[in-house]
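Take a look at the structure set out below.
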Amino acid sequence: MITNAYAKYNREVVVLIDEYDAPLLDVMHEEEDLPQLRNVMRNFYSPLKACGKYLRYVFLTGITKFSQLSIFSELNNIENISMDTNYAAICGITEEEMRSQMDADIELFAKQLKTDKEDALQQLKSYYDGYHFAWPSPDVYNPFSLMAALSKGKIESFWFGSGTPTYLIEMLNKYQVIPQEISGRKCAADITPLFYQSGYLTIKNYSAFSGLYQLEIPNKEVRIGLMRSLLPNYVRRPAELNTLVGEMAECIHFDDMDGALRLMQTVLSTVPYCENTRYEGHYQQMLYLIFTLLGNYTDVEVRTPQGRVDVVMRTHTTLYIIELKIDKSAEEALRQIDLKQYPERFALCGLPVVKVGINFDSEKHTLTDWEIKKEN
């Protein structure tokens with residue numbers, strides 16, 4: 001094809017290959033098929049070097065580098081520009097481009113949301129912005145989701161909803177990475193994890209001293225999508241939780257934590273998939289997933305001078321300090337919050353502090369009692 005095109009038009013050919021690694025991702029865990037497919041792909045790409053005199057340039061995109069599989073052993077003149085600052089904004093849309101070239105689109109989008117332009121921009125930013133493919137780098141929006149949002153006039157998880165990250169979820173389970181440990185990871189550029197390469201983590205900082213990059217979940221779309229994908233590991237009927245999340249979000253928005261926990265109690269009475277649920281960490285991770293799906297800031301094992309708080313959740317009006325117990329009592333959980341003076345750690349947060357003690361029943365696999373007390 002390359003030589004025929006060159007002969008016909010007497011011009012050098014451009015070769016564009018998208019998702020070059022998709023076949024490999026499908027068989028990464030299959031020891032029998034992987035070597036065979038690797039050879040097929042090596043044979044497919046090797047002629048590109050022999051065609052060098054006919055080519056203007058070759059551009060390949062994919063999720064992974066796969067250098068360890070020697071796919072490009074014969075095509076050794078490829079330059080990896082993935083983390084080159086000159087190309088940091090090549091794969092997305094910057095805020096400068098949003099405000100200049102797409103100003104009319106944002107104006108129309110704001111009218112569809114019945115809000116002003118700055119608020120519309122802030123909503124788009126929280127859901128789709130935050131990607132960095134080098135450091136330093138401008139903030140980059142996910143173009144797929146951004147265009148879909150402007151086209152449909154609403155905020156949704158367009159990119160994350162376009163496919164299920166099955167391979168990534170399998171990797172999390174294989175290496176026993178718990179949900180709250182996905183973000184905040186540090187790594188060297190040469191061992192950049194699959195989560196970064198596939199867009200579920202992005203660069204948020206870099207230390208020139210250590211040569212380490214700090215990786216975080218880029219935005220709300222990815223955070224909520226990841227947590228929703230992980231939820232089936234903790235409950236048997238995740239579909240029902242879609243309704244629960246909406247109803248709980250409404251309760252918590254109006255400061256009705258009691259109503260939110262009653263909803264959770266009803267749905268979580270199902271048996272979790274996880275065989276070993278007789279430890280606090282399981283329920284801590286489950287609460288982290290659910291509260292994150294509500295769109296609130298959530299953290300676990302938050303250090304204080306006296307110990308660690310199981311779960312901290314911040315809404316637009318309230319900071320909740322949550323302590324969990326198993327087969328004990330909510331009163332005991334609340335007593336621990338007071339005994340270790342957890343609220344003092346958050347006295348300067350600028351929000352009212354509410355203490356929540358929750359007790360889970362390991363036999364019923366749900367919460368059985370809870371106490372809620374507002375800090376004076």
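By convention in this document, the chains of the structure tokens carry letters A, B, ... by their order, each chain's residues are numbered from 1, and ligands are numbered from 1 in the order they are shown.
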
Residue contacts of Tyr141 (chain A) (8 Å, only C-alpha atoms) excluding same-chain residues fewer than 4 positions away, as an MDAnalysis selection string:
chainID A and resid 92:95 125 128:131 146

Give me the residues within 9 Å of Lys220 (chain A) as a PyMOL selection string, counting only C-alpha atoms and dropping any in the same chain fewer than 4 places off.
chain A and resi 126-129+157+224-225+295

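Rounded to one decimal, CA of Leu37 (chain A) and CA of Gly62 (chain A) lie 16.4 Å from each other.
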
Of the candidates A:Ile182, A:Ala89, A:Met227, A:Leu25, which shows the shortest atom-to-atom distance to Ala134 (chain A), using only C-alpha atoms?
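Checking each of A:Ile182, A:Ala89, A:Met227, A:Leu25 against Ala134 (chain A), counting only C-alpha atoms, the winner is A:Ala89.
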
Leaving out Ala120 (chain A) and any residue of its chain fewer than 3 positions from it, which residues lie within 12 Å of it when counting only C-alpha atoms, given as a PyMOL selection string?
chain A and resi 98-99+103+105-117+123-127+146+149-150+153-155

Write down as a VMD selection string the residues belonging to region 171-370 of chain A that are assigned alpha helix (DSSP H) by DSSP computed on the backbone.
chain A and resid 171 to 174 194 to 197 220 to 230 238 to 253 257 to 267 280 to 293 330 to 339 342 to 345

Neighbours of Leu367 (chain A) within 10 Å (only C-alpha atoms; same-chain residues fewer than 3 positions away dropped), as a compact mmCIF listing (two decimals) with all heavy atoms, in the first residue's frame?
# COMPACT_ATOMS: atom_id res chain seq x y z
N LEU A 261 -28.00 7.39 55.74
CA LEU A 261 -27.57 6.11 56.31
C LEU A 261 -28.70 5.09 56.34
O LEU A 261 -28.46 3.88 56.23
CB LEU A 261 -27.01 6.34 57.72
CG LEU A 261 -25.71 7.15 57.78
CD1 LEU A 261 -25.27 7.36 59.22
CD2 LEU A 261 -24.60 6.49 56.97
N ARG A 262 -29.94 5.55 56.47
CA ARG A 262 -31.08 4.62 56.41
C ARG A 262 -31.17 4.00 55.01
O ARG A 262 -31.44 2.80 54.86
CB ARG A 262 -32.38 5.35 56.74
CG ARG A 262 -32.54 5.68 58.20
CD ARG A 262 -33.88 6.35 58.51
NE ARG A 262 -33.91 6.79 59.88
CZ ARG A 262 -34.17 6.00 60.91
NH1 ARG A 262 -34.42 4.71 60.71
NH2 ARG A 262 -34.19 6.50 62.15
N MET A 264 -28.65 3.60 52.94
CA MET A 264 -27.52 2.70 52.82
C MET A 264 -27.79 1.38 53.55
O MET A 264 -27.47 0.30 53.05
CB MET A 264 -26.26 3.35 53.39
CG MET A 264 -24.99 2.54 53.14
SD MET A 264 -23.52 3.27 53.92
CE MET A 264 -23.39 4.80 53.02
N GLN A 265 -28.40 1.45 54.70
CA GLN A 265 -28.71 0.25 55.47
C GLN A 265 -29.60 -0.71 54.68
O GLN A 265 -29.39 -1.92 54.67
CB GLN A 265 -29.40 0.63 56.78
CG GLN A 265 -29.72 -0.55 57.68
CD GLN A 265 -30.51 -0.13 58.90
OE1 GLN A 265 -31.48 0.63 58.78
NE2 GLN A 265 -30.11 -0.62 60.06
N THR A 266 -30.59 -0.15 53.98
CA THR A 266 -31.52 -0.98 53.22
C THR A 266 -30.83 -1.71 52.08
O THR A 266 -30.98 -2.91 51.89
CB THR A 266 -32.66 -0.11 52.66
OG1 THR A 266 -33.33 0.53 53.74
CG2 THR A 266 -33.65 -0.96 51.87
N LEU A 268 -27.48 -2.17 51.53
CA LEU A 268 -26.30 -2.97 51.86
C LEU A 268 -26.63 -4.25 52.63
O LEU A 268 -25.73 -4.97 53.05
CB LEU A 268 -25.30 -2.14 52.66
CG LEU A 268 -24.72 -0.94 51.93
CD1 LEU A 268 -23.62 -0.32 52.77
CD2 LEU A 268 -24.20 -1.31 50.56
N SER A 269 -27.89 -4.55 52.82
CA SER A 269 -28.25 -5.79 53.49
C SER A 269 -27.93 -7.01 52.64
O SER A 269 -27.97 -8.15 53.10
CB SER A 269 -29.75 -5.79 53.83
OG SER A 269 -30.52 -5.61 52.66
N TYR A 283 -15.36 -2.20 55.13
CA TYR A 283 -16.46 -1.24 55.20
C TYR A 283 -15.97 0.19 55.01
O TYR A 283 -16.67 1.04 54.47
CB TYR A 283 -17.19 -1.39 56.54
CG TYR A 283 -17.86 -2.74 56.66
CD1 TYR A 283 -17.27 -3.78 57.37
CD2 TYR A 283 -19.07 -2.99 56.02
CE1 TYR A 283 -17.87 -5.02 57.46
CE2 TYR A 283 -19.68 -4.24 56.10
CZ TYR A 283 -19.07 -5.24 56.82
OH TYR A 283 -19.67 -6.48 56.88
N LEU A 324 -15.90 4.03 62.38
CA LEU A 324 -16.58 2.76 62.13
C LEU A 324 -16.21 1.73 63.19
O LEU A 324 -15.07 1.68 63.65
CB LEU A 324 -16.20 2.21 60.75
CG LEU A 324 -16.28 3.17 59.57
CD1 LEU A 324 -15.81 2.46 58.30
CD2 LEU A 324 -17.70 3.69 59.38
N LYS A 325 -17.18 0.88 63.52
CA LYS A 325 -16.95 -0.27 64.38
C LYS A 325 -17.65 -1.48 63.77
O LYS A 325 -18.60 -1.34 62.99
CB LYS A 325 -17.50 -0.03 65.80
CG LYS A 325 -16.78 1.07 66.57
CD LYS A 325 -15.33 0.71 66.85
CE LYS A 325 -14.60 1.82 67.59
NZ LYS A 325 -13.17 1.54 67.75
N ILE A 326 -17.17 -2.67 64.12
CA ILE A 326 -17.81 -3.92 63.67
C ILE A 326 -18.22 -4.72 64.89
O ILE A 326 -17.41 -4.97 65.79
CB ILE A 326 -16.85 -4.75 62.80
CG1 ILE A 326 -16.52 -4.00 61.51
CG2 ILE A 326 -17.49 -6.09 62.43
CD1 ILE A 326 -15.59 -4.76 60.59
N ASP A 327 -19.50 -5.10 64.91
CA ASP A 327 -20.06 -5.93 65.99
C ASP A 327 -19.84 -5.31 67.35
O ASP A 327 -19.63 -6.01 68.35
CB ASP A 327 -19.45 -7.34 65.95
CG ASP A 327 -19.74 -8.05 64.63
OD1 ASP A 327 -20.80 -7.79 64.05
OD2 ASP A 327 -18.90 -8.85 64.19
N ALA A 330 -22.52 1.97 67.86
CA ALA A 330 -22.29 3.31 67.35
C ALA A 330 -21.86 4.24 68.49
O ALA A 330 -21.07 5.17 68.29
CB ALA A 330 -23.56 3.84 66.69
N ILE A 358 -20.70 4.79 63.43
CA ILE A 358 -21.46 3.76 62.70
C ILE A 358 -20.99 2.38 63.14
O ILE A 358 -19.78 2.14 63.25
CB ILE A 358 -21.27 3.90 61.17
CG1 ILE A 358 -21.74 5.27 60.68
CG2 ILE A 358 -22.04 2.80 60.43
CD1 ILE A 358 -21.48 5.51 59.21
N ASN A 359 -21.93 1.49 63.38
CA ASN A 359 -21.60 0.10 63.69
C ASN A 359 -22.12 -0.82 62.60
O ASN A 359 -23.28 -0.72 62.19
CB ASN A 359 -22.21 -0.31 65.03
CG ASN A 359 -21.85 -1.74 65.39
OD1 ASN A 359 -20.68 -2.10 65.47
ND2 ASN A 359 -22.86 -2.59 65.58
N PHE A 360 -21.25 -1.69 62.08
CA PHE A 360 -21.62 -2.68 61.07
C PHE A 360 -21.78 -4.06 61.72
O PHE A 360 -21.04 -4.41 62.64
CB PHE A 360 -20.56 -2.77 59.97
CG PHE A 360 -20.61 -1.63 58.98
CD1 PHE A 360 -19.89 -0.46 59.21
CD2 PHE A 360 -21.37 -1.72 57.83
CE1 PHE A 360 -19.94 0.58 58.31
CE2 PHE A 360 -21.43 -0.67 56.92
CZ PHE A 360 -20.71 0.47 57.17
N ASP A 361 -22.75 -4.80 61.22
CA ASP A 361 -22.98 -6.18 61.67
C ASP A 361 -22.34 -7.12 60.65
O ASP A 361 -22.74 -7.14 59.48
CB ASP A 361 -24.47 -6.46 61.79
CG ASP A 361 -24.76 -7.80 62.43
OD1 ASP A 361 -24.18 -8.81 61.98
OD2 ASP A 361 -25.58 -7.85 63.36
N SER A 362 -21.34 -7.89 61.06
CA SER A 362 -20.61 -8.74 60.12
C SER A 362 -21.45 -9.89 59.60
O SER A 362 -21.14 -10.46 58.55
CB SER A 362 -19.33 -9.28 60.77
OG SER A 362 -19.64 -10.08 61.90
N LYS A 364 -24.95 -9.65 59.13
CA LYS A 364 -25.98 -9.08 58.23
C LYS A 364 -25.36 -8.29 57.08
O LYS A 364 -26.05 -7.92 56.14
CB LYS A 364 -26.91 -8.18 59.03
CG LYS A 364 -27.72 -8.92 60.09
CD LYS A 364 -28.61 -7.96 60.87
CE LYS A 364 -29.42 -8.70 61.93
NZ LYS A 364 -30.26 -7.77 62.73
N TRP A 370 -26.33 3.74 64.30
CA TRP A 370 -25.44 4.88 64.12
C TRP A 370 -25.90 6.03 65.01
O TRP A 370 -27.05 6.11 65.42
CB TRP A 370 -25.40 5.33 62.66
CG TRP A 370 -26.74 5.69 62.08
CD1 TRP A 370 -27.38 6.90 62.11
CD2 TRP A 370 -27.62 4.80 61.39
NE1 TRP A 370 -28.59 6.83 61.47
CE2 TRP A 370 -28.77 5.54 61.02
CE3 TRP A 370 -27.55 3.44 61.04
CZ2 TRP A 370 -29.83 4.98 60.32
CZ3 TRP A 370 -28.61 2.90 60.34
CH2 TRP A 370 -29.75 3.66 59.99

Please identify all polymer residues within 9 Å of region 2-6 of chain A, counting only C-alpha atoms, omitting same-chain residues fewer than 2 positions from it, and present them as a PyMOL selection string.
chain A and resi 8-15+51+54-55

Output C-alpha atoms of each residue in that selection to a file, as a compact mmCIF listing (two decimals), in the first residue's frame.
# COMPACT_ATOMS: atom_id res chain seq x y z
CA LYS A 8 0.99 6.80 -7.96
CA TYR A 9 1.26 10.27 -6.39
CA ASN A 10 5.06 10.65 -6.24
CA ARG A 11 4.73 11.99 -2.70
CA GLU A 12 5.92 10.66 0.64
CA VAL A 13 3.32 8.78 2.65
CA VAL A 14 2.05 9.53 6.18
CA VAL A 15 1.12 6.48 8.28
CA CYS A 51 9.80 1.65 3.66
CA TYR A 54 8.76 6.38 0.99
CA LEU A 55 7.55 7.83 4.32

Near-region 307-316 of chain A list (9 Å; only C-alpha atoms; drop same-chain fewer than 2 positions) as a ChimeraX atom specification:
/A:252-253,280-281,284,287-288,291-292,295-305,318-324,337,340,342,351

Kindly give the distance, in Å, that separates CA of Val58 (chain A) and CA of Pro23 (chain A), rounded to a single decimal.
19.6 Å

Please list as number ranges by chain every residue within 9 Å of Gln214 (chain A), counting only C-alpha atoms and excluding residues in the same chain fewer than 2 positions away.
A: 183-187, 202-207, 212, 216

Suppose we keep N, CA, C and O atoms; can you now write the selection as a PDB file, in the first residue's frame?
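The resulting again_13.pdb:
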ATOM      1  N   SER A 183      -5.067   7.112  43.879  1.00  0.00           N
ATOM      2  CA  SER A 183      -4.533   8.456  43.673  1.00  0.00           C
ATOM      3  C   SER A 183      -3.384   8.728  44.635  1.00  0.00           C
ATOM      4  O   SER A 183      -3.159   7.998  45.602  1.00  0.00           O
ATOM      5  N   GLY A 184      -2.621   9.788  44.355  1.00  0.00           N
ATOM      6  CA  GLY A 184      -1.535  10.189  45.239  1.00  0.00           C
ATOM      7  C   GLY A 184      -0.296   9.343  45.116  1.00  0.00           C
ATOM      8  O   GLY A 184       0.558   9.346  45.997  1.00  0.00           O
ATOM      9  N   ARG A 185      -0.142   8.612  44.010  1.00  0.00           N
ATOM     10  CA  ARG A 185       1.008   7.725  43.833  1.00  0.00           C
ATOM     11  C   ARG A 185       2.198   8.497  43.248  1.00  0.00           C
ATOM     12  O   ARG A 185       2.023   9.450  42.507  1.00  0.00           O
ATOM     13  N   LYS A 186       3.398   8.037  43.578  1.00  0.00           N
ATOM     14  CA  LYS A 186       4.614   8.637  43.031  1.00  0.00           C
ATOM     15  C   LYS A 186       5.380   7.579  42.261  1.00  0.00           C
ATOM     16  O   LYS A 186       5.448   6.423  42.665  1.00  0.00           O
ATOM     17  N   CYS A 187       5.963   7.979  41.140  1.00  0.00           N
ATOM     18  CA  CYS A 187       6.716   7.011  40.348  1.00  0.00           C
ATOM     19  C   CYS A 187       7.726   7.735  39.470  1.00  0.00           C
ATOM     20  O   CYS A 187       7.631   8.935  39.243  1.00  0.00           O
ATOM     21  N   THR A 202      -3.087  11.301  36.223  1.00  0.00           N
ATOM     22  CA  THR A 202      -2.315  12.270  35.455  1.00  0.00           C
ATOM     23  C   THR A 202      -1.276  12.917  36.355  1.00  0.00           C
ATOM     24  O   THR A 202      -1.341  12.812  37.575  1.00  0.00           O
ATOM     25  N   ILE A 203      -0.303  13.577  35.749  1.00  0.00           N
ATOM     26  CA  ILE A 203       0.775  14.210  36.513  1.00  0.00           C
ATOM     27  C   ILE A 203       0.241  15.467  37.209  1.00  0.00           C
ATOM     28  O   ILE A 203      -0.365  16.320  36.572  1.00  0.00           O
ATOM     29  N   LYS A 204       0.467  15.546  38.515  1.00  0.00           N
ATOM     30  CA  LYS A 204       0.065  16.734  39.271  1.00  0.00           C
ATOM     31  C   LYS A 204       1.255  17.479  39.864  1.00  0.00           C
ATOM     32  O   LYS A 204       1.133  18.629  40.269  1.00  0.00           O
ATOM     33  N   ASN A 205       2.409  16.816  39.916  1.00  0.00           N
ATOM     34  CA  ASN A 205       3.604  17.485  40.436  1.00  0.00           C
ATOM     35  C   ASN A 205       4.839  16.675  40.049  1.00  0.00           C
ATOM     36  O   ASN A 205       4.724  15.517  39.662  1.00  0.00           O
ATOM     37  N   TYR A 206       5.996  17.304  40.170  1.00  0.00           N
ATOM     38  CA  TYR A 206       7.253  16.639  39.831  1.00  0.00           C
ATOM     39  C   TYR A 206       8.353  17.163  40.734  1.00  0.00           C
ATOM     40  O   TYR A 206       8.443  18.366  40.999  1.00  0.00           O
ATOM     41  N   SER A 207       9.185  16.263  41.244  1.00  0.00           N
ATOM     42  CA  SER A 207      10.328  16.647  42.071  1.00  0.00           C
ATOM     43  C   SER A 207      11.608  16.491  41.263  1.00  0.00           C
ATOM     44  O   SER A 207      11.990  15.375  40.906  1.00  0.00           O
ATOM     45  N   LEU A 212      10.857  12.034  40.718  1.00  0.00           N
ATOM     46  CA  LEU A 212       9.579  11.326  40.846  1.00  0.00           C
ATOM     47  C   LEU A 212       8.414  12.225  40.457  1.00  0.00           C
ATOM     48  O   LEU A 212       8.394  13.417  40.771  1.00  0.00           O
ATOM     49  N   GLU A 216      -2.247  11.860  40.214  1.00  0.00           N
ATOM     50  CA  GLU A 216      -3.552  11.992  40.858  1.00  0.00           C
ATOM     51  C   GLU A 216      -4.642  11.720  39.826  1.00  0.00           C
ATOM     52  O   GLU A 216      -4.407  11.808  38.616  1.00  0.00           O
TER      53      GLU A 216
END

Could you check the closest approach to Val222 (chain A) for each of A:Lys174, A:Ser198, A:Phe160, A:Leu263 and tell me which residue wins, using only C-alpha atoms?
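The closest residue to Val222 (chain A) is A:Phe160.
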
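CA of Arg223 (chain A) is found 15.9 Å from CA of Gln197 (chain A).
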